[in-house]
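Colleague: As input, take coords_37.txt (compact mmCIF, C-alpha atoms):
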```txt
# COMPACT_ATOMS: atom_id res chain seq x y z
CA ASP C 1 83.49 306.75 173.15
CA ALA C 2 81.22 309.10 175.08
CA GLY C 3 78.15 307.94 173.22
CA VAL C 4 75.62 310.16 171.51
CA ILE C 5 75.74 313.61 173.05
CA GLN C 6 72.76 315.91 173.04
CA SER C 7 72.53 319.46 174.22
CA PRO C 8 70.95 321.06 176.03
CA ARG C 9 69.46 318.46 178.38
CA HIS C 10 66.64 320.79 179.27
CA GLU C 11 65.24 323.78 177.46
CA VAL C 12 62.45 326.07 178.54
CA THR C 13 61.41 328.71 176.07
CA GLU C 14 58.54 331.03 175.36
CA MET C 15 56.10 330.44 172.59
CA GLY C 16 57.28 332.01 169.36
CA GLN C 17 60.96 331.70 170.13
CA GLU C 18 63.41 329.74 168.04
CA VAL C 19 64.78 326.57 169.58
CA THR C 20 67.84 324.67 168.40
CA LEU C 21 68.64 321.18 169.63
CA ARG C 22 72.06 319.73 169.03
CA CYS C 23 73.42 316.25 168.58
CA LYS C 24 76.86 314.75 168.27
CA PRO C 25 76.66 311.16 167.02
CA ILE C 26 79.09 308.40 167.88
CA SER C 27 82.25 308.72 165.85
CA GLY C 28 82.16 306.43 162.83
CA HIS C 29 78.40 306.13 162.72
CA ASN C 30 76.91 307.23 159.43
CA SER C 31 73.19 307.17 160.23
CA LEU C 32 71.54 309.70 162.48
CA PHE C 33 67.96 309.81 163.67
CA TRP C 34 65.85 312.41 165.41
CA TYR C 35 62.89 311.20 167.49
CA ARG C 36 60.24 312.98 169.51
CA GLN C 37 58.68 311.35 172.53
CA THR C 38 55.38 312.41 174.08
CA MET C 39 52.86 310.68 176.28
CA MET C 40 50.20 310.95 173.63
CA ARG C 41 52.13 309.87 170.56
CA GLY C 42 54.96 307.79 171.95
CA LEU C 43 58.28 307.71 170.12
CA GLU C 44 58.02 309.22 166.67
CA LEU C 45 60.72 309.26 164.03
CA LEU C 46 61.05 312.81 162.76
CA ILE C 47 63.89 312.54 160.28
CA TYR C 48 66.94 310.47 159.58
CA PHE C 49 70.19 311.04 157.74
CA ASN C 50 72.54 308.65 156.00
CA ASN C 51 76.02 309.98 155.32
CA ASN C 52 74.83 313.49 156.25
CA VAL C 53 72.04 313.42 153.66
CA PRO C 54 68.40 313.59 154.81
CA ILE C 55 66.72 310.41 153.62
CA ASP C 56 63.22 310.64 155.02
CA ASP C 57 61.75 313.72 156.67
CA SER C 58 58.14 312.63 156.38
CA GLY C 59 57.88 312.54 160.16
CA MET C 60 58.67 316.23 160.54
CA PRO C 61 55.38 317.62 161.80
CA GLU C 62 55.39 321.01 160.15
CA ASP C 63 57.49 323.50 158.24
CA ARG C 64 58.38 325.02 161.58
CA PHE C 65 60.68 322.06 162.06
CA SER C 66 63.96 321.76 160.20
CA ALA C 67 67.03 319.57 160.62
CA LYS C 68 70.51 319.79 159.28
CA MET C 69 73.62 317.69 159.33
CA PRO C 70 76.48 319.83 158.06
CA ASN C 71 79.07 317.15 158.78
CA ALA C 72 79.38 313.63 160.13
CA SER C 73 79.82 314.76 163.71
CA PHE C 74 77.03 317.26 164.18
CA SER C 75 73.33 317.68 163.62
CA THR C 76 70.72 320.22 164.65
CA LEU C 77 66.97 320.18 164.96
CA LYS C 78 65.43 323.62 164.84
CA ILE C 79 61.91 324.72 165.69
CA GLN C 80 60.94 328.20 164.57
CA PRO C 81 58.61 329.49 165.89
CA SER C 82 58.07 327.16 168.80
CA GLU C 83 54.62 326.37 170.17
CA PRO C 84 53.45 324.79 173.46
CA ARG C 85 52.46 321.59 171.65
CA ASP C 86 56.11 321.10 170.70
CA SER C 87 56.87 320.33 174.33
CA ALA C 88 58.35 316.85 174.39
CA VAL C 89 61.58 314.94 174.84
CA TYR C 90 63.65 314.94 171.68
CA PHE C 91 66.09 312.08 171.18
CA CYS C 92 68.95 311.80 168.79
CA ALA C 93 70.31 308.38 167.88
CA SER C 94 73.08 307.15 165.64
CA SER C 95 74.04 303.84 164.09
CA PHE C 96 76.62 302.36 161.81
CA GLN C 97 74.55 301.78 158.74
CA GLY C 98 70.82 302.21 159.21
CA SER C 99 70.23 298.54 159.68
CA THR C 100 72.10 298.02 162.90
CA GLU C 101 71.10 299.00 166.39
CA ALA C 102 70.80 302.65 167.18
CA PHE C 103 72.49 304.24 170.18
CA PHE C 104 70.51 306.94 171.86
CA GLY C 105 71.45 310.16 173.52
CA GLN C 106 69.99 311.18 176.86
CA GLY C 107 67.45 313.40 175.17
CA THR C 108 66.52 317.06 175.37
CA ARG C 109 63.43 317.87 177.37
CA LEU C 110 61.80 320.85 175.70
CA THR C 111 59.13 322.89 177.41
CA VAL C 112 57.46 325.68 175.49
CA VAL C 113 55.42 328.00 177.67
CA ALA W 1 56.82 301.48 155.60
CA GLN W 2 57.39 299.06 158.43
CA SER W 3 55.41 299.36 161.65
CA VAL W 4 55.31 297.88 165.11
CA THR W 5 52.43 297.17 167.46
CA GLN W 6 52.78 296.63 171.17
CA PRO W 7 49.29 295.62 172.28
CA ASP W 8 49.85 296.12 176.00
CA ILE W 9 50.21 299.69 177.21
CA HIS W 10 50.80 298.76 180.83
CA ILE W 11 51.63 295.47 182.54
CA THR W 12 51.98 294.77 186.24
CA VAL W 13 53.75 291.68 187.52
CA SER W 14 54.92 290.54 190.91
CA GLU W 15 58.60 290.37 191.62
CA GLY W 16 59.87 286.90 190.82
CA ALA W 17 57.09 286.18 188.36
CA SER W 18 57.68 285.54 184.70
CA LEU W 19 57.16 288.23 182.09
CA GLU W 20 56.20 288.32 178.45
CA LEU W 21 55.83 291.56 176.49
CA ARG W 22 54.21 291.29 173.11
CA CYS W 23 55.39 292.81 169.86
CA ASN W 24 54.00 292.42 166.39
CA TYR W 25 55.57 293.92 163.31
CA SER W 26 54.58 294.64 159.77
CA TYR W 27 57.23 294.53 157.08
CA GLY W 28 57.37 292.89 153.68
CA ALA W 29 60.83 291.42 153.97
CA THR W 30 62.86 289.91 156.78
CA PRO W 31 63.09 292.62 159.40
CA TYR W 32 65.74 293.57 161.85
CA LEU W 33 64.08 293.59 165.28
CA PHE W 34 65.08 295.17 168.54
CA TRP W 35 63.95 295.60 172.10
CA TYR W 36 64.94 298.70 174.02
CA VAL W 37 64.35 299.65 177.63
CA GLN W 38 63.89 303.17 178.94
CA SER W 39 64.15 304.06 182.60
CA PRO W 40 62.50 307.29 183.78
CA GLY W 41 64.33 310.35 182.54
CA GLN W 42 66.79 308.28 180.57
CA GLY W 43 67.49 307.47 176.97
CA LEU W 44 66.87 304.09 175.41
CA GLN W 45 69.15 301.16 176.06
CA LEU W 46 69.34 298.17 173.75
CA LEU W 47 68.29 294.89 175.37
CA LEU W 48 68.65 292.57 172.40
CA LYS W 49 68.37 292.34 168.65
CA TYR W 50 67.50 289.88 165.92
CA PHE W 51 69.04 290.04 162.47
CA SER W 52 69.03 286.43 161.28
CA GLY W 53 69.83 282.90 162.38
CA ASP W 54 68.65 281.46 165.66
CA THR W 55 65.17 282.78 166.31
CA LEU W 56 65.67 282.80 170.07
CA VAL W 57 67.98 285.62 171.03
CA GLN W 58 69.49 286.35 174.39
CA GLY W 59 69.97 289.84 175.67
CA ILE W 60 71.24 291.69 178.67
CA LYS W 61 69.71 291.59 182.14
CA GLY W 62 68.38 288.06 181.63
CA PHE W 63 65.97 288.95 178.83
CA GLU W 64 65.32 286.89 175.74
CA ALA W 65 63.08 287.23 172.72
CA GLU W 66 61.78 284.86 170.10
CA PHE W 67 61.24 285.75 166.47
CA LYS W 68 58.24 283.99 164.97
CA ARG W 69 57.88 284.78 161.31
CA SER W 70 54.55 282.98 160.97
CA GLN W 71 53.06 285.23 163.63
CA SER W 72 55.04 288.38 162.75
CA SER W 73 55.97 288.54 166.40
CA PHE W 74 59.04 289.22 168.49
CA ASN W 75 57.94 288.81 172.10
CA LEU W 76 60.23 289.66 174.98
CA ARG W 77 60.47 287.31 177.93
CA LYS W 78 62.12 287.05 181.30
CA PRO W 79 61.66 284.06 183.63
CA SER W 80 61.89 286.01 186.88
CA VAL W 81 61.33 289.73 187.10
CA HIS W 82 63.30 291.95 189.46
CA TRP W 83 62.08 295.23 190.91
CA SER W 84 64.77 297.03 188.90
CA ASP W 85 63.11 295.87 185.68
CA ALA W 86 60.35 298.42 186.15
CA ALA W 87 60.65 300.66 183.10
CA GLU W 88 59.19 301.23 179.69
CA TYR W 89 59.98 298.73 176.96
CA PHE W 90 60.00 299.47 173.28
CA CYS W 91 60.01 297.08 170.37
CA ALA W 92 61.51 298.40 167.15
CA VAL W 93 61.84 297.27 163.56
CA VAL W 94 64.32 298.37 160.96
CA GLY W 95 63.49 298.24 157.30
CA ASN W 96 64.58 300.60 154.54
CA ASN W 97 67.30 301.83 156.87
CA ASP W 98 65.07 303.59 159.36
CA MET W 99 64.00 302.41 162.79
CA ARG W 100 60.35 302.53 163.84
CA PHE W 101 59.18 301.99 167.37
CA GLY W 102 56.07 300.62 168.97
CA ALA W 103 54.12 302.70 171.44
CA GLY W 104 55.88 301.05 174.35
CA THR W 105 54.77 298.91 177.29
CA ARG W 106 55.17 300.24 180.78
CA LEU W 107 56.14 297.55 183.26
CA THR W 108 55.30 297.90 186.92
CA VAL W 109 56.77 295.40 189.36
CA LYS W 110 54.91 294.68 192.59
CA PRO W 111 56.86 293.69 195.70
```
Could I get this file's structure written as structure tokens?

Modeller:
Amino acid sequence: DAGVIQSPRHEVTEMGQEVTLRCKPISGHNSLFWYRQTMMRGLELLIYFNNNVPIDDSGMPEDRFSAKMPNASFSTLKIQPSEPRDSAVYFCASSFQGSTEAFFGQGTRLTVV
Amino acid sequence: AQSVTQPDIHITVSEGASLELRCNYSYGATPYLFWYVQSPGQGLQLLLKYFSGDTLVQGIKGFEAEFKRSQSSFNLRKPSVHWSDAAEYFCAVVGNNDMRFGAGTRLTVKP
């Protein structure tokens, strides 16, 4: 298996633009997590899905952030409109059942200018 | 919700010296505990995990960790650090099916 695949690896966008981050979990995994990593706040859980259903989105910072998982093999994290303070590395991770170890993608480094 | 505390933001050790990274968790039931390592510009790689049973768990790269319920701790250890161990280390706890991470400890290895 190729592991968790995230795209793009790097994204630079202007403030106010819409940004969509993509994630393909490991085949067979039924839990998917989105994390944001910054120097100031460390690794924060934004939202996680079990069996494509959002379970806890309390970590989503604002209404500008939304996440979807239309099927077991794909998820998106969208920021609209983006702001400079959204600049961070966004990680997607998947696991087989939420209680086992999570496998991480390489992350998407987002820069909003 | 569960939480994790890593008291040390940054640790520097000499190559060949022993290492212990601290992790304390808060969770009402028996947690699932993990240590991950992150090299610069990379994702997180699992070092080891504890689910149940033997409280001393062995991981990759010569790391081990000990679960101590009485202290709510899951400290990571390595007897002899190598220069390639320089990275950031994250402790994580799973409860209620979501994984929460500590703030991380950055390890610097001196020659």

Colleague: Compile the residues of chain W that lie within 12 Å of chain C, evaluated using all atoms listed in the file, and express the compilation as a PyMOL selection string.

Modeller: chain W and resi 1+3-6+9+30-51+88-106

Colleague: Up to 8 Å from (55.0, 295.3, 187.8) in the file's coordinates: name the residues, counting all atoms listed in the file, as a VMD selection string.

Modeller: chain W and resid 11 to 15 83 86 107 to 110

Colleague: Might you pull out every residue within 6 Å of region 10-25 of chain C, with only C-alpha atoms counted and same-chain residues fewer than 5 positions away left off, and present them as number ranges by chain?

Modeller: C: 4-5, 73-83, 94, 108-113

Colleague: Give me a file of those residues, with C-alpha atoms, as a CSV table (one decimal), keeping the file's coordinate frame.

Modeller:
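Writing done, so here's result.csv:
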```
chain,number,residue,atom,x,y,z
C,4,VAL,CA,75.6,310.2,171.5
C,5,ILE,CA,75.7,313.6,173.0
C,73,SER,CA,79.8,314.8,163.7
C,74,PHE,CA,77.0,317.3,164.2
C,75,SER,CA,73.3,317.7,163.6
C,76,THR,CA,70.7,320.2,164.6
C,77,LEU,CA,67.0,320.2,165.0
C,78,LYS,CA,65.4,323.6,164.8
C,79,ILE,CA,61.9,324.7,165.7
C,80,GLN,CA,60.9,328.2,164.6
C,81,PRO,CA,58.6,329.5,165.9
C,82,SER,CA,58.1,327.2,168.8
C,83,GLU,CA,54.6,326.4,170.2
C,94,SER,CA,73.1,307.2,165.6
C,108,THR,CA,66.5,317.1,175.4
C,109,ARG,CA,63.4,317.9,177.4
C,110,LEU,CA,61.8,320.8,175.7
C,111,THR,CA,59.1,322.9,177.4
C,112,VAL,CA,57.5,325.7,175.5
C,113,VAL,CA,55.4,328.0,177.7
```

Colleague: What is the CA of Asn24 (chain W) to CA of Ser70 (chain W) distance in Å?

Modeller: 10.9 Å

Colleague: So what do you get for CA of Pro8 (chain C) versus CA of Asp85 (chain W), distance-wise?

Modeller: 28.1 Å

Colleague: Could you state the separation of CA of Asn52 (chain C) and CA of Ala2 (chain C) in Å, given to one decimal place?

Modeller: 20.4 Å

Colleague: As JSON, what would the box around region 89-93 of chain W look like: edges along x, y and z, 8 Å added on every side, centre and edge lengths in Å to one decimal?

Modeller:
```
{"center_x": 60.9, "center_y": 298.3, "center_z": 170.3, "size_x": 17.9, "size_y": 18.4, "size_z": 29.4}
```
